[in-house]
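Q: Got a structure for you, questions after.
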Amino acid sequence: MAVGKEIRTKIKSIQSTRKITKAMEMVAASKMRKAQDRMAATRPYAEKMRNVIAHLYQAHPEYKHPYLIERDVKRVGVILITSDRGLCGGLNINLFKKLLVNMKGWRDSGWETDLAVFGSKGNQYFKRIGGRIVAQATHLGDTPGLNDLIGTVKVMLDAYDEGRIDRLYVCYNDFVNTMTQQPILTQLLPIPPAEEKELEHHWDYIYEPESKQVIDGLLMRYVESLVYQGMVENQACEQAARMVAMKSASDNAGTLIDELQLVYNKARQAAITQEISEIVSGAAAV
Amino acid sequence: MAMTMHVDIVSAEAEIFSGTATMVFAPAEMGELGIAPRHTQLLTRLKPGEVRVLDEKGDEQSFYVSGGILEVQPHVVTVLSDTALRAKDIDEAAALQAKEQAEKLLADNQSDIDYAKAQLELAEAVAQLRAIQKIRDKSGR
């Protein structure tokens, strides 16, 4: 029967689209779980690092590191962490929005912004609208290692050391839960002082070989670990957002198919009715 | 009971060890260190090598670290291990590469952002997303 051929092909094509979105949803779900595990694995390091930094604040070392000193701001640096791929809802857009509001605020107070971007989405976006990208890294895969970001972070740290930027932020999506991802912008440098009570007695570490070298190494690792943590969080967010987006796409495909099926059935029934009435009226005429 | 201290060995990508020990040996930059409980506060860099942890039962566990930082408090020892071999020239090369990539990307780009335009575009995208959400809600799911 030739009835509703177009509708049938349409249903077929939507069905195969649904298969794809369904598969993507499941892949994202499993990747999200892995990313969450990695997120949990990075926590102890960051926590221990924070403890050591807090101790360092209390310890009053003879050498004050530039990372700990607030200075006049002329230029700020932002390390922006975005996803490499799309199809993840408004994840990156919300992040850009948050960043742009802040960048605009900085510009109004006369500060320019340098960007270091992870992820091709961020690159594409800032390439299109403009913006000074001083370093970038893309396609780090699903399991980025800390050594994948050392180079890019170092560009920013060098800029800070040489006084080209006076503040460094990191901007990424914070994983609240599967449904909620919060874009956040936090200050990395100068390291905001931990709110610790002043201790009675003042003490200091023994530094080996020298306080400067040790503290340099420590603070560099601290910044890197924070960026790495942001990276892992952002990845969990990406997968969660993609999972939700693909789930709704599959649901939508389902509704579409139902509606089309209804239209198809009606058309088919109308055709049958018409045929019968034609036969009947033909027989009556004989 | 022998005096013990808490030992944590962590790297940025995973927790490696957490437990109590009576003695810790670590490859500090100035030479191998042996740390007993109630050691004074110490902060030092580590060379690539072996960290050995001696527990109450006298069992020794050893872990390889490719460098890092060792923090000692009287009852807590923390090893912040690196996950990658770090050398100044390797870091430098990585930084250079990141810079080059960015320069390549920006070869044909103005560095001035038109904030008004950018925000408008974003607002549009967000509005689109919101509209899709509304349509979905309306269709009763």
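Convention: chains lettered A, B, ... in structure tokens order; per-chain residue numbering from 1; ligands numbered from 1 as shown.
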Tell me, counting only C-alpha atoms, for each residue of chain B within 8 Å of chain A, which pair of atoms is nearest and how far apart they are in Å to one decimal, in rows ordered by chain and increasing number, as a tab-separated table.
A:
```
residue	atom	partner	partner_atom	distance
B:Val10	CA	A:Tyr45	CA	5.4
B:Ser11	CA	A:Tyr45	CA	5.8
B:Ala12	CA	A:Tyr45	CA	5.3
B:Glu13	CA	A:Thr42	CA	5.1
B:Ala14	CA	A:Ala41	CA	4.6
B:Glu15	CA	A:Ala41	CA	6.2
B:Glu29	CA	A:Pro209	CA	7.1
B:Met30	CA	A:Pro209	CA	6.5
B:Thr40	CA	A:Tyr205	CA	7.7
B:Gln41	CA	A:Tyr205	CA	4.8
B:Leu42	CA	A:Ile206	CA	4.5
B:Leu43	CA	A:Tyr207	CA	5.1
B:Thr44	CA	A:Glu208	CA	4.8
B:Arg45	CA	A:Val214	CA	6.0
B:Ile69	CA	A:Leu218	CA	6.8
B:Glu71	CA	A:Val52	CA	7.3
B:Thr78	CA	A:Lys48	CA	7.4
B:Leu80	CA	A:Tyr45	CA	7.0
B:Thr83	CA	A:Leu146	CA	7.0
B:Ala84	CA	A:Asn147	CA	6.1
B:Asp91	CA	A:Gly151	CA	5.9
B:Glu92	CA	A:Gly151	CA	7.1
B:Ala93	CA	A:Gly151	CA	7.4
B:Ala94	CA	A:Gly151	CA	4.1
B:Ala95	CA	A:Gly151	CA	3.7
B:Leu96	CA	A:Gly151	CA	7.2
B:Gln97	CA	A:Gly151	CA	7.2
B:Ala98	CA	A:Ala135	CA	5.0
B:Lys99	CA	A:Ala135	CA	4.5
B:Glu100	CA	A:Ala135	CA	7.4
B:Gln101	CA	A:Gln136	CA	6.2
B:Ala102	CA	A:Ala135	CA	4.8
B:Glu103	CA	A:Val134	CA	7.2
B:Leu105	CA	A:Lys127	CA	7.4
B:Leu106	CA	A:Lys127	CA	6.7
B:Asn109	CA	A:Gly130	CA	6.4
B:Gln110	CA	A:Gly130	CA	5.6
B:Ser111	CA	A:Gly131	CA	4.6
B:Asp112	CA	A:Gly130	CA	5.6
B:Ile113	CA	A:Gly130	CA	4.8
B:Asp114	CA	A:Ile129	CA	6.9
B:Tyr115	CA	A:Lys104	CA	6.8
B:Ala118	CA	A:Ile129	CA	6.3
B:Gln119	CA	A:Lys97	CA	7.0
B:Leu122	CA	A:Lys97	CA	6.5
B:Ala125	CA	A:Ile93	CA	7.4
B:Val126	CA	A:Gly90	CA	7.0
B:Leu129	CA	A:Gly90	CA	6.9
B:Arg136	CA	A:Asn252	CA	7.9
```
Q: Hey, what's within 10 Å of Met246 in chain A if we count only C-alpha atoms and toss same-chain stuff fewer than 2 positions away? As a VMD selection string, please?
A: chain A and resid 18 20 to 26 28 87 to 89 240 to 244 248 to 252
Q: Kindly save the residues from that selection, with N, CA, C and O atoms included, as a PDB file, in the first residue's frame.
A:
```pdb
ATOM      1  N   ARG A  18      17.223   8.325  17.178  1.00  0.00           N
ATOM      2  CA  ARG A  18      17.038   8.031  18.599  1.00  0.00           C
ATOM      3  C   ARG A  18      18.042   6.981  19.066  1.00  0.00           C
ATOM      4  O   ARG A  18      18.547   7.047  20.179  1.00  0.00           O
ATOM      5  N   ILE A  20      21.011   6.635  18.032  1.00  0.00           N
ATOM      6  CA  ILE A  20      22.310   7.291  18.241  1.00  0.00           C
ATOM      7  C   ILE A  20      22.320   8.077  19.551  1.00  0.00           C
ATOM      8  O   ILE A  20      23.240   7.946  20.358  1.00  0.00           O
ATOM      9  N   THR A  21      21.270   8.873  19.760  1.00  0.00           N
ATOM     10  CA  THR A  21      21.264   9.689  20.983  1.00  0.00           C
ATOM     11  C   THR A  21      21.228   8.796  22.218  1.00  0.00           C
ATOM     12  O   THR A  21      21.849   9.094  23.226  1.00  0.00           O
ATOM     13  N   LYS A  22      20.520   7.699  22.100  1.00  0.00           N
ATOM     14  CA  LYS A  22      20.447   6.761  23.224  1.00  0.00           C
ATOM     15  C   LYS A  22      21.847   6.213  23.527  1.00  0.00           C
ATOM     16  O   LYS A  22      22.263   6.153  24.684  1.00  0.00           O
ATOM     17  N   ALA A  23      22.541   5.833  22.467  1.00  0.00           N
ATOM     18  CA  ALA A  23      23.896   5.297  22.660  1.00  0.00           C
ATOM     19  C   ALA A  23      24.790   6.358  23.285  1.00  0.00           C
ATOM     20  O   ALA A  23      25.548   6.080  24.223  1.00  0.00           O
ATOM     21  N   MET A  24      24.695   7.601  22.783  1.00  0.00           N
ATOM     22  CA  MET A  24      25.532   8.663  23.339  1.00  0.00           C
ATOM     23  C   MET A  24      25.217   8.894  24.806  1.00  0.00           C
ATOM     24  O   MET A  24      26.104   9.162  25.611  1.00  0.00           O
ATOM     25  N   GLU A  25      23.930   8.777  25.122  1.00  0.00           N
ATOM     26  CA  GLU A  25      23.530   8.967  26.515  1.00  0.00           C
ATOM     27  C   GLU A  25      24.213   7.939  27.404  1.00  0.00           C
ATOM     28  O   GLU A  25      24.762   8.266  28.456  1.00  0.00           O
ATOM     29  N   MET A  26      24.206   6.692  26.933  1.00  0.00           N
ATOM     30  CA  MET A  26      24.780   5.642  27.770  1.00  0.00           C
ATOM     31  C   MET A  26      26.296   5.763  27.870  1.00  0.00           C
ATOM     32  O   MET A  26      26.868   5.550  28.942  1.00  0.00           O
ATOM     33  N   ALA A  28      27.950   8.551  27.689  1.00  0.00           N
ATOM     34  CA  ALA A  28      28.206   9.683  28.587  1.00  0.00           C
ATOM     35  C   ALA A  28      28.017   9.267  30.037  1.00  0.00           C
ATOM     36  O   ALA A  28      28.785   9.675  30.910  1.00  0.00           O
ATOM     37  N   LEU A  87      27.398  19.209  21.930  1.00  0.00           N
ATOM     38  CA  LEU A  87      26.275  18.349  22.308  1.00  0.00           C
ATOM     39  C   LEU A  87      26.224  18.120  23.807  1.00  0.00           C
ATOM     40  O   LEU A  87      26.047  17.007  24.279  1.00  0.00           O
ATOM     41  N   CYS A  88      26.459  19.188  24.548  1.00  0.00           N
ATOM     42  CA  CYS A  88      26.360  19.048  25.997  1.00  0.00           C
ATOM     43  C   CYS A  88      25.553  20.206  26.571  1.00  0.00           C
ATOM     44  O   CYS A  88      25.910  20.787  27.585  1.00  0.00           O
ATOM     45  N   GLY A  89      24.468  20.553  25.890  1.00  0.00           N
ATOM     46  CA  GLY A  89      23.569  21.570  26.416  1.00  0.00           C
ATOM     47  C   GLY A  89      24.239  22.932  26.532  1.00  0.00           C
ATOM     48  O   GLY A  89      25.081  23.286  25.718  1.00  0.00           O
ATOM     49  N   ALA A 240      28.096  14.747  32.350  1.00  0.00           N
ATOM     50  CA  ALA A 240      26.766  14.811  32.964  1.00  0.00           C
ATOM     51  C   ALA A 240      25.830  15.624  32.079  1.00  0.00           C
ATOM     52  O   ALA A 240      24.683  15.229  31.825  1.00  0.00           O
ATOM     53  N   ALA A 241      26.323  16.764  31.585  1.00  0.00           N
ATOM     54  CA  ALA A 241      25.486  17.627  30.756  1.00  0.00           C
ATOM     55  C   ALA A 241      25.114  16.918  29.465  1.00  0.00           C
ATOM     56  O   ALA A 241      23.977  17.000  28.993  1.00  0.00           O
ATOM     57  N   ARG A 242      26.087  16.196  28.920  1.00  0.00           N
ATOM     58  CA  ARG A 242      25.800  15.482  27.679  1.00  0.00           C
ATOM     59  C   ARG A 242      24.774  14.387  27.917  1.00  0.00           C
ATOM     60  O   ARG A 242      23.869  14.186  27.115  1.00  0.00           O
ATOM     61  N   MET A 243      24.907  13.720  29.031  1.00  0.00           N
ATOM     62  CA  MET A 243      23.972  12.650  29.336  1.00  0.00           C
ATOM     63  C   MET A 243      22.549  13.213  29.398  1.00  0.00           C
ATOM     64  O   MET A 243      21.626  12.661  28.793  1.00  0.00           O
ATOM     65  N   VAL A 244      22.401  14.331  30.107  1.00  0.00           N
ATOM     66  CA  VAL A 244      21.071  14.923  30.245  1.00  0.00           C
ATOM     67  C   VAL A 244      20.559  15.395  28.889  1.00  0.00           C
ATOM     68  O   VAL A 244      19.396  15.144  28.522  1.00  0.00           O
ATOM     69  N   SER A 248      17.209  13.922  26.903  1.00  0.00           N
ATOM     70  CA  SER A 248      16.046  14.685  26.461  1.00  0.00           C
ATOM     71  C   SER A 248      15.883  14.566  24.946  1.00  0.00           C
ATOM     72  O   SER A 248      14.760  14.530  24.442  1.00  0.00           O
ATOM     73  N   ALA A 249      16.997  14.452  24.225  1.00  0.00           N
ATOM     74  CA  ALA A 249      16.895  14.263  22.779  1.00  0.00           C
ATOM     75  C   ALA A 249      16.197  12.942  22.462  1.00  0.00           C
ATOM     76  O   ALA A 249      15.326  12.880  21.595  1.00  0.00           O
ATOM     77  N   SER A 250      16.551  11.885  23.199  1.00  0.00           N
ATOM     78  CA  SER A 250      15.923  10.586  22.968  1.00  0.00           C
ATOM     79  C   SER A 250      14.428  10.651  23.302  1.00  0.00           C
ATOM     80  O   SER A 250      13.596  10.126  22.563  1.00  0.00           O
ATOM     81  N   ASP A 251      14.121  11.325  24.412  1.00  0.00           N
ATOM     82  CA  ASP A 251      12.712  11.475  24.799  1.00  0.00           C
ATOM     83  C   ASP A 251      11.941  12.203  23.708  1.00  0.00           C
ATOM     84  O   ASP A 251      10.831  11.810  23.334  1.00  0.00           O
ATOM     85  N   ASN A 252      12.537  13.279  23.221  1.00  0.00           N
ATOM     86  CA  ASN A 252      11.867  14.061  22.178  1.00  0.00           C
ATOM     87  C   ASN A 252      11.637  13.219  20.932  1.00  0.00           C
ATOM     88  O   ASN A 252      10.581  13.296  20.311  1.00  0.00           O
TER      89      ASN A 252
END
```
Q: If you run DSSP over the backbone, which residues in range 23-60 of chain B end up strand (DSSP E)? Put them as a VMD selection string.
A: chain B and resid 23 to 28 31 to 35 42 to 54 60
Q: Keeping N, CA, C and O atoms, export the residues of the selection given above as a short mmCIF file (atom, residue, chain, number, x, y, z; two decimals), in the first residue's frame.
A:
```cif
data_model
loop_
_atom_site.label_atom_id
_atom_site.label_comp_id
_atom_site.auth_asym_id
_atom_site.auth_seq_id
_atom_site.Cartn_x
_atom_site.Cartn_y
_atom_site.Cartn_z
N MET B 23 58.43 4.85 61.07
CA MET B 23 59.60 5.45 60.44
C MET B 23 59.32 5.62 58.94
O MET B 23 58.68 4.76 58.34
N VAL B 24 59.79 6.73 58.41
CA VAL B 24 59.63 6.96 56.98
C VAL B 24 60.98 7.34 56.39
O VAL B 24 61.70 8.17 56.96
N PHE B 25 61.31 6.73 55.27
CA PHE B 25 62.54 7.11 54.58
C PHE B 25 62.17 7.74 53.24
O PHE B 25 61.32 7.21 52.53
N ALA B 26 62.78 8.87 52.95
CA ALA B 26 62.42 9.55 51.70
C ALA B 26 63.67 10.10 51.04
O ALA B 26 64.61 10.53 51.71
N PRO B 27 63.69 10.11 49.70
CA PRO B 27 64.86 10.59 48.97
C PRO B 27 64.85 12.12 48.82
O PRO B 27 64.48 12.62 47.77
N ALA B 28 65.20 12.83 49.86
CA ALA B 28 65.19 14.29 49.79
C ALA B 28 66.32 14.77 48.88
O ALA B 28 67.24 14.03 48.57
N GLY B 31 69.74 14.50 50.18
CA GLY B 31 70.18 13.18 50.63
C GLY B 31 69.04 12.45 51.28
O GLY B 31 68.02 13.04 51.63
N GLU B 32 69.19 11.17 51.42
CA GLU B 32 68.12 10.35 51.99
C GLU B 32 67.80 10.78 53.42
O GLU B 32 68.69 11.03 54.22
N LEU B 33 66.49 10.89 53.71
CA LEU B 33 66.06 11.30 55.04
C LEU B 33 65.37 10.14 55.72
O LEU B 33 64.62 9.41 55.10
N GLY B 34 65.62 9.98 57.01
CA GLY B 34 64.84 9.04 57.80
C GLY B 34 64.07 9.86 58.82
O GLY B 34 64.64 10.67 59.55
N ILE B 35 62.75 9.68 58.84
CA ILE B 35 61.95 10.52 59.72
C ILE B 35 61.24 9.66 60.74
O ILE B 35 60.50 8.73 60.41
N LEU B 42 59.38 20.23 58.86
CA LEU B 42 60.38 20.25 57.79
C LEU B 42 59.67 20.27 56.45
O LEU B 42 58.62 19.65 56.29
N LEU B 43 60.22 21.02 55.53
CA LEU B 43 59.63 21.07 54.20
C LEU B 43 60.78 20.90 53.22
O LEU B 43 61.74 21.66 53.26
N THR B 44 60.71 19.89 52.37
CA THR B 44 61.82 19.69 51.45
C THR B 44 61.34 19.11 50.13
O THR B 44 60.25 18.56 50.04
N ARG B 45 62.15 19.29 49.13
CA ARG B 45 61.83 18.69 47.84
C ARG B 45 62.39 17.28 47.77
O ARG B 45 63.40 16.99 48.39
N LEU B 46 61.71 16.46 46.99
CA LEU B 46 62.17 15.09 46.84
C LEU B 46 62.76 14.86 45.46
O LEU B 46 62.35 15.48 44.49
N LYS B 47 63.73 13.96 45.43
CA LYS B 47 64.26 13.52 44.14
C LYS B 47 63.47 12.29 43.72
O LYS B 47 62.84 11.64 44.55
N PRO B 48 63.55 11.93 42.45
CA PRO B 48 62.92 10.66 42.06
C PRO B 48 63.56 9.53 42.85
O PRO B 48 64.79 9.51 43.01
N GLY B 49 62.78 8.63 43.37
CA GLY B 49 63.35 7.55 44.14
C GLY B 49 62.28 6.83 44.92
O GLY B 49 61.10 6.91 44.61
N GLU B 50 62.74 6.17 45.97
CA GLU B 50 61.86 5.28 46.70
C GLU B 50 61.51 5.89 48.06
O GLU B 50 62.39 6.35 48.77
N VAL B 51 60.22 5.88 48.39
CA VAL B 51 59.80 6.25 49.74
C VAL B 51 59.46 4.96 50.46
O VAL B 51 58.67 4.17 49.96
N ARG B 52 60.08 4.76 51.61
CA ARG B 52 59.82 3.53 52.34
C ARG B 52 59.11 3.85 53.64
O ARG B 52 59.46 4.80 54.34
N VAL B 53 58.09 3.09 53.93
CA VAL B 53 57.30 3.30 55.15
C VAL B 53 57.39 2.06 56.02
O VAL B 53 57.10 0.96 55.56
N LEU B 54 57.79 2.26 57.26
CA LEU B 54 57.95 1.15 58.20
C LEU B 54 56.78 1.21 59.17
O LEU B 54 56.61 2.21 59.87
N GLU B 60 57.83 -3.37 55.94
CA GLU B 60 58.24 -2.20 55.16
C GLU B 60 57.51 -2.19 53.83
O GLU B 60 57.40 -3.22 53.16
#
```
Q: Among range 113-271 of chain A, which ones does DSSP assign to helix (DSSP H, G or I) (computed from the backbone)? Answer as a ChimeraX atom specification.
A: /A:120-129,146-161,211-271
Q: Quote the spacing between CA of Arg75 in chain A and CA of Asp216 in chain A in Å to one decimal place.
A: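 Computing it gives 22.2 Å between the two atoms.
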Q: Near range 165-168 of chain A, counting only C-alpha atoms, which residues have an atom at most 10 Å away, once you skip same-chain residues fewer than 3 positions from it, shown as number ranges by chain?
A: A: 67, 70-79, 111-115, 156-162, 186-191, 223
Q: Name the residues in contact with Leu262 in chain A at a cut-off of 12 Å, using only C-alpha atoms, excluding same-chain residues fewer than 5 positions from it; report them as a PyMOL selection string.
A: chain A and resi 4+7-8+11+255-257+267-269
Q: Given only C-alpha atoms as the basis, pick out the residue of B:Phe17, B:Thr22, B:Val76, B:Ala36 nearest to Ser62 in chain B.
A: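 Closest candidate: B:Phe17.
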Q: With distances taken over only C-alpha atoms, which residue among A:Ile53, A:Gln239, A:Ser277, A:Asn265 lies nearest Pro193 in chain A?
A: A:Ile53
